[in-house]
Every structure is written in C-alpha cells, then in structure tokens.
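J.: I am sharing target.pdb, which consists of PDB, C-alpha atoms and all ligand atoms:
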```
ATOM      1  CA  MET A   1      19.118   9.727 -66.389
ATOM      2  CA  ILE A   2      19.111   6.142 -65.216
ATOM      3  CA  LEU A   3      15.445   5.204 -65.098
ATOM      4  CA  ASN A   4      15.491   2.696 -62.269
ATOM      5  CA  GLU A   5      17.027   5.286 -59.976
ATOM      6  CA  PHE A   6      13.748   7.113 -60.050
ATOM      7  CA  ILE A   7      10.462   6.196 -58.540
ATOM      8  CA  LYS A   8       7.664   6.546 -61.020
ATOM      9  CA  GLU A   9       5.137   9.304 -60.563
ATOM     10  CA  THR A  10       2.347   6.752 -60.195
ATOM     11  CA  SER A  11       4.103   5.101 -57.243
ATOM     12  CA  ARG A  12       4.670   8.472 -55.650
ATOM     13  CA  ASN A  13       1.010   9.372 -56.064
ATOM     14  CA  GLN A  14      -0.032   6.009 -54.673
ATOM     15  CA  MET A  15       2.095   6.508 -51.563
ATOM     16  CA  ILE A  16       0.616   9.955 -50.983
ATOM     17  CA  SER A  17      -2.922   8.697 -51.394
ATOM     18  CA  ILE A  18      -2.343   5.732 -49.044
ATOM     19  CA  LEU A  19      -0.972   8.108 -46.393
ATOM     20  CA  LEU A  20      -3.797  10.638 -46.739
ATOM     21  CA  LYS A  21      -6.418   7.897 -46.434
ATOM     22  CA  HIS A  22      -4.676   6.223 -43.517
ATOM     23  CA  TYR A  23      -4.622   9.454 -41.524
ATOM     24  CA  LYS A  24      -8.193  10.246 -42.555
ATOM     25  CA  VAL A  25      -7.359  13.429 -44.411
ATOM     26  CA  GLY A  26      -8.301  11.984 -47.788
ATOM     27  CA  ASN A  27     -10.050  15.207 -48.801
ATOM     28  CA  VAL A  28      -6.701  17.007 -48.990
ATOM     29  CA  ARG A  29      -5.658  17.572 -52.604
ATOM     30  CA  VAL A  30      -2.016  17.495 -53.633
ATOM     31  CA  LYS A  31      -0.528  20.058 -55.990
ATOM     32  CA  LEU A  32       2.981  20.136 -57.413
ATOM     33  CA  LYS A  33       4.448  23.587 -57.135
ATOM     34  CA  SER A  34       7.825  25.138 -57.827
ATOM     35  CA  MET A  35       9.021  26.473 -54.464
ATOM     36  CA  LYS A  36      11.948  26.777 -52.086
ATOM     37  CA  ASP A  37      10.449  24.599 -49.349
ATOM     38  CA  PHE A  38       9.874  20.863 -49.774
ATOM     39  CA  ALA A  39       6.182  21.132 -49.065
ATOM     40  CA  HIS A  40       3.560  23.403 -47.616
ATOM     41  CA  PHE A  41       0.081  22.764 -46.276
ATOM     42  CA  ASN A  42      -2.202  25.507 -47.550
ATOM     43  CA  VAL A  43      -4.767  25.648 -44.780
ATOM     44  CA  ASP A  44      -7.125  28.027 -46.636
ATOM     45  CA  ALA A  45      -7.319  25.903 -49.763
ATOM     46  CA  GLY A  46      -6.956  22.548 -48.002
ATOM     47  CA  THR A  47      -4.195  21.607 -50.426
ATOM     48  CA  LEU A  48      -0.855  20.021 -49.832
ATOM     49  CA  GLU A  49       1.638  21.768 -52.054
ATOM     50  CA  LEU A  50       4.576  19.583 -52.935
ATOM     51  CA  SER A  51       7.822  20.807 -54.454
ATOM     52  CA  THR A  52       8.335  19.941 -58.125
ATOM     53  CA  ARG A  53      11.700  18.493 -57.066
ATOM     54  CA  TYR A  54       9.671  15.416 -56.060
ATOM     55  CA  LYS A  55       8.193  15.035 -59.565
ATOM     56  CA  THR A  56      10.420  12.018 -59.953
ATOM     57  CA  LEU A  57      11.559  10.637 -56.667
ATOM     58  CA  LYS A  58      15.153   9.428 -56.350
ATOM     59  CA  SER A  59      15.878   6.565 -53.980
ATOM     60  CA  SER A  60      18.076   8.940 -52.015
ATOM     61  CA  GLN A  61      15.092  11.280 -51.507
ATOM     62  CA  VAL A  62      12.716   8.712 -49.987
ATOM     63  CA  LYS A  63      13.447   9.486 -46.329
ATOM     64  CA  GLU A  64      13.178  13.241 -46.803
ATOM     65  CA  PHE A  65      10.073  12.824 -48.950
ATOM     66  CA  LEU A  66       8.276  10.658 -46.361
ATOM     67  CA  ILE A  67       9.182  12.957 -43.453
ATOM     68  CA  THR A  68       7.964  15.942 -45.468
ATOM     69  CA  ILE A  69       4.636  14.354 -46.412
ATOM     70  CA  LEU A  70       4.010  13.090 -42.866
ATOM     71  CA  HIS A  71       4.871  16.524 -41.465
ATOM     72  CA  GLU A  72       2.285  18.211 -43.711
ATOM     73  CA  ILE A  73      -0.283  15.486 -43.019
ATOM     74  CA  ASN A  74       0.095  16.252 -39.325
ATOM     75  CA  HIS A  75      -0.898  19.879 -40.040
ATOM     76  CA  ALA A  76      -3.852  18.611 -42.078
ATOM     77  CA  MET A  77      -4.918  16.382 -39.161
ATOM     78  CA  ASP A  78      -4.837  19.378 -36.817
ATOM     79  CA  ALA A  79      -6.779  21.488 -39.321
ATOM     80  CA  LYS A  80      -9.398  18.732 -39.524
ATOM     81  CA  MET A  81      -9.605  18.295 -35.755
ATOM     82  CA  PHE A  82      -9.906  21.999 -34.861
ATOM     83  CA  GLY A  83     -11.487  23.221 -38.089
ATOM     84  CA  TRP A  84      -9.282  25.123 -40.507
ATOM     85  CA  LYS A  85     -10.349  28.586 -39.319
ATOM     86  CA  LYS A  86      -9.690  27.783 -35.682
ATOM     87  CA  PHE A  87      -6.440  26.030 -36.537
ATOM     88  CA  LYS A  88      -5.245  29.049 -38.495
ATOM     89  CA  GLU A  89      -6.010  31.291 -35.511
ATOM     90  CA  MET A  90      -4.232  28.940 -33.120
ATOM     91  CA  TYR A  91      -1.232  28.732 -35.427
ATOM     92  CA  GLU A  92      -0.988  32.500 -35.729
ATOM     93  CA  MET A  93      -1.342  32.940 -31.963
ATOM     94  CA  GLU A  94       1.477  30.479 -31.468
ATOM     95  CA  MET A  95       3.658  32.410 -33.918
ATOM     96  CA  ASN A  96       2.971  35.654 -32.069
ATOM     97  CA  LEU A  97       3.713  34.007 -28.735
ATOM     98  CA  GLN A  98       7.107  32.805 -29.967
ATOM     99  CA  ILE A  99       7.925  36.243 -31.393
ATOM    100  CA  THR A 100       6.926  37.876 -28.079
ATOM    101  CA  ASN A 101       9.254  35.462 -26.283
ATOM    102  CA  GLY A 102      12.079  36.422 -28.612
ATOM    103  CA  LYS A 103      11.983  33.039 -30.301
ATOM    104  CA  ASP A 104      11.572  31.892 -33.892
ATOM    105  CA  PRO A 105       7.943  31.824 -35.086
ATOM    106  CA  TYR A 106       8.541  28.570 -37.031
ATOM    107  CA  GLU A 107      11.463  26.791 -35.383
ATOM    108  CA  ASP A 108       9.994  27.165 -31.894
ATOM    109  CA  ASN A 109       6.363  26.825 -32.983
ATOM    110  CA  LYS A 110       4.688  23.946 -31.113
ATOM    111  CA  PHE A 111       2.715  22.912 -34.208
ATOM    112  CA  GLU A 112       5.915  22.733 -36.251
ATOM    113  CA  ILE A 113       7.739  20.792 -33.543
ATOM    114  CA  GLN A 114       4.844  18.350 -33.245
ATOM    115  CA  ALA A 115       4.588  17.873 -37.044
ATOM    116  CA  GLU A 116       8.329  17.287 -37.365
ATOM    117  CA  GLU A 117       8.333  14.742 -34.524
ATOM    118  CA  PHE A 118       5.466  12.931 -36.207
ATOM    119  CA  GLY A 119       7.410  12.709 -39.476
ATOM    120  CA  GLN A 120      10.617  11.602 -37.742
ATOM    121  CA  LYS A 121       8.737   8.969 -35.760
ATOM    122  CA  MET A 122       6.713   7.438 -38.589
ATOM    123  CA  TRP A 123       8.834   7.524 -41.778
ATOM    124  CA  LYS A 124      10.661   4.224 -41.182
ATOM    125  CA  TYR A 125       7.421   2.357 -40.635
ATOM    126  CA  TRP A 126       6.026   3.636 -43.923
ATOM    127  CA  LYS A 127       9.280   3.059 -45.796
ATOM    128  CA  SER A 128       9.246  -0.637 -44.959
ATOM    129  CA  LYS A 129       5.534  -0.881 -45.692
ATOM    130  CA  PHE A 130       5.923   0.762 -49.108
ATOM    131  CA  LYS A 131       8.946  -1.415 -49.848
ATOM    132  CA  LYS A 132       6.859  -4.531 -49.268
ATOM    133  CA  GLN A 133       4.237  -3.115 -51.634
ATOM    134  CA  ASN A 134       6.938  -2.511 -54.268
ATOM    135  CA  LEU A 135       6.202   1.209 -54.349
ATOM    136  CA  ILE A 136       9.830   2.085 -53.570
TER     137      ILE A 136
HETATM  138 ZN    ZN A 201       5.072  22.630 -40.868
END
```
Would you give me this structure, written as structure tokens?

T.:
Amino acid sequence: MILNEFIKETSRNQMISILLKHYKVGNVRVKLKSMKDFAHFNVDAGTLELSTRYKTLKSSQVKEFLITILHEINHAMDAKMFGWKKFKEMYEMEMNLQITNGKDPYEDNKFEIQAEEFGQKMWKYWKSKFKKQNLI
C-alpha cells in the first residue's frame, strides 16, 4: 500500500463534518458499516451509515465519495425539514406510487432523483474547496 495514495481517516472525517455543518444537519452521526451500498441514511436512528470501503479514501474514490455523502446529506436535510416521521411516510408513499405505476421504487423515486442531482451538482465545488484546504 502506497501511503500517499490514501487520504487519511482524519481528513475524511473532517470533510464529512464540514459538509454536515454547512448543510445544517450537524446532529447526524456517521457510522462505518460493512455493506453493499456506498452509504445509507438511517432515518430512524438519524445516522449516516458509510461503507467501510471508505475507511481509507483513495484519490480515485473522491468523486464517488463526495457524491455519495452529498446524496445522503440531501436525505438528512429533507428529514430535518419535514421531521423524520413525516419524511419516512412521504418516502414510503412515493415508493408505493412508483410501484403502482409499474416503475422502480428507488430509481424512479423523486427523493432519490433529487438527492442524486444534488450530489452531481455540488461535488465539484466541494472537491476544489477541500483541495484548497489540503484535505484531499
Ligand atoms: Zn438515496
């Protein structure tokens, strides 16, 4: 393992904490978890579960990592705005609606589409910001 190819855990944690504070969801806790997906926002627990594959962040993973974090933060922002109980209901209703329409409950879910657009729109901005701060 070539050490400088990896971004230290402290830098990764710093980036996450800067993002959570910026989007005013600083109460969200982050947990590393072994899982298939890159990340998951646990609306019941208010935790952002992050795949252990991001334990050490490779330079080649930065884009994917930022999009993933921003995507989950967008869910957290919605949960904060509507209240987690209400948000959960709305999310489930949206899933049912897509299923009823013969569509995919995740791929065609408006909350998922919105979160993904948010990540795709914002990651470059944060990449250059974090670069200037020597975090990546
Ligand atoms: Zn999502």

J.: Which is closer to ligand ZN 201 (chain A) than all the others in A:Asn74, A:Asn101, A:Ser60, A:Thr47, using all atoms listed in the file?

T.: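 Among the listed residues, A:Asn74 lies closest to ligand ZN 201 (chain A).
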
J.: Find the residue from A:Met81, A:Ile18, A:Met95, A:Ile7 that sits nearest to A:Phe111; use all atoms listed in the file when measuring.

T.: A:Met95

J.: Determine the residue membership of the PyMOL selection byres (((not hetatm)) within 10 of (chain A and resi 201)) for the file above and supply it as a PyMOL selection string.

T.: chain A and resi 39-41+68-76+106-107+109-116

J.: What is the distance between atom CA of A:Lys58 and atom CA of A:Asn42, in Å to one decimal?

T.: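 According to the coordinates, atom CA of A:Lys58 and atom CA of A:Asn42 are separated by 25.2 Å.
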
J.: Decode the PyMOL selection byres (((chain A and resi 27) around 12) and not hetatm) for the given file into explicit residues and return them as a PyMOL selection string.

T.: chain A and resi 17+19-26+28-30+45-48+73+76-77+79-80

J.: Next, write the just-selected residues to a file, as a short mmCIF file (atom, residue, chain, number, x, y, z; two decimals), keeping the file's coordinate frame, keeping C-alpha atoms as the atom set.

T.:
```cif
data_model
loop_
_atom_site.label_atom_id
_atom_site.label_comp_id
_atom_site.auth_asym_id
_atom_site.auth_seq_id
_atom_site.Cartn_x
_atom_site.Cartn_y
_atom_site.Cartn_z
CA SER A 17 -2.92 8.70 -51.39
CA LEU A 19 -0.97 8.11 -46.39
CA LEU A 20 -3.80 10.64 -46.74
CA LYS A 21 -6.42 7.90 -46.43
CA HIS A 22 -4.68 6.22 -43.52
CA TYR A 23 -4.62 9.45 -41.52
CA LYS A 24 -8.19 10.25 -42.56
CA VAL A 25 -7.36 13.43 -44.41
CA GLY A 26 -8.30 11.98 -47.79
CA VAL A 28 -6.70 17.01 -48.99
CA ARG A 29 -5.66 17.57 -52.60
CA VAL A 30 -2.02 17.50 -53.63
CA ALA A 45 -7.32 25.90 -49.76
CA GLY A 46 -6.96 22.55 -48.00
CA THR A 47 -4.20 21.61 -50.43
CA LEU A 48 -0.86 20.02 -49.83
CA ILE A 73 -0.28 15.49 -43.02
CA ALA A 76 -3.85 18.61 -42.08
CA MET A 77 -4.92 16.38 -39.16
CA ALA A 79 -6.78 21.49 -39.32
CA LYS A 80 -9.40 18.73 -39.52
#
```

J.: So how many Å separate atom CA of A:Gly119 and atom CA of A:Thr100, to one decimal?

T.: 27.6 Å

J.: Measure the distance from atom CA of A:Phe38 to atom CA of A:Lys129 in Å and round it to one decimal.

T.: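 Interatomic distance, atom CA of A:Phe38 to atom CA of A:Lys129: 22.5 Å.
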
J.: Between A:Phe65, A:Phe82, A:Tyr54, A:Tyr91, single out the one closest to A:Lys127, counting only C-alpha atoms.

T.: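 Closest residue, counting only C-alpha atoms: A:Phe65.
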
J.: Have a look at A:Asp78, A:Lys8, A:Asp108, A:Phe118 and name the one nearest to A:Val43; count all atoms listed in the file.

T.: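 Among A:Asp78, A:Lys8, A:Asp108, A:Phe118, it is A:Asp78 that comes nearest to A:Val43.
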
J.: Select, from A:Gly102, A:Glu64, A:Lys86, A:Gln133, the residue with the minimum atom-to-atom distance to A:Gln120, counting only C-alpha atoms.

T.: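 Nearest to A:Gln120: A:Glu64.
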
J.: Rank nothing, just name the residue among A:Asn134, A:Ser34, A:Asn96, A:Asn13 nearest to A:Glu49, using all atoms listed in the file.

T.: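 Of A:Asn134, A:Ser34, A:Asn96, A:Asn13, the one nearest A:Glu49, counting all atoms listed in the file, is A:Ser34.
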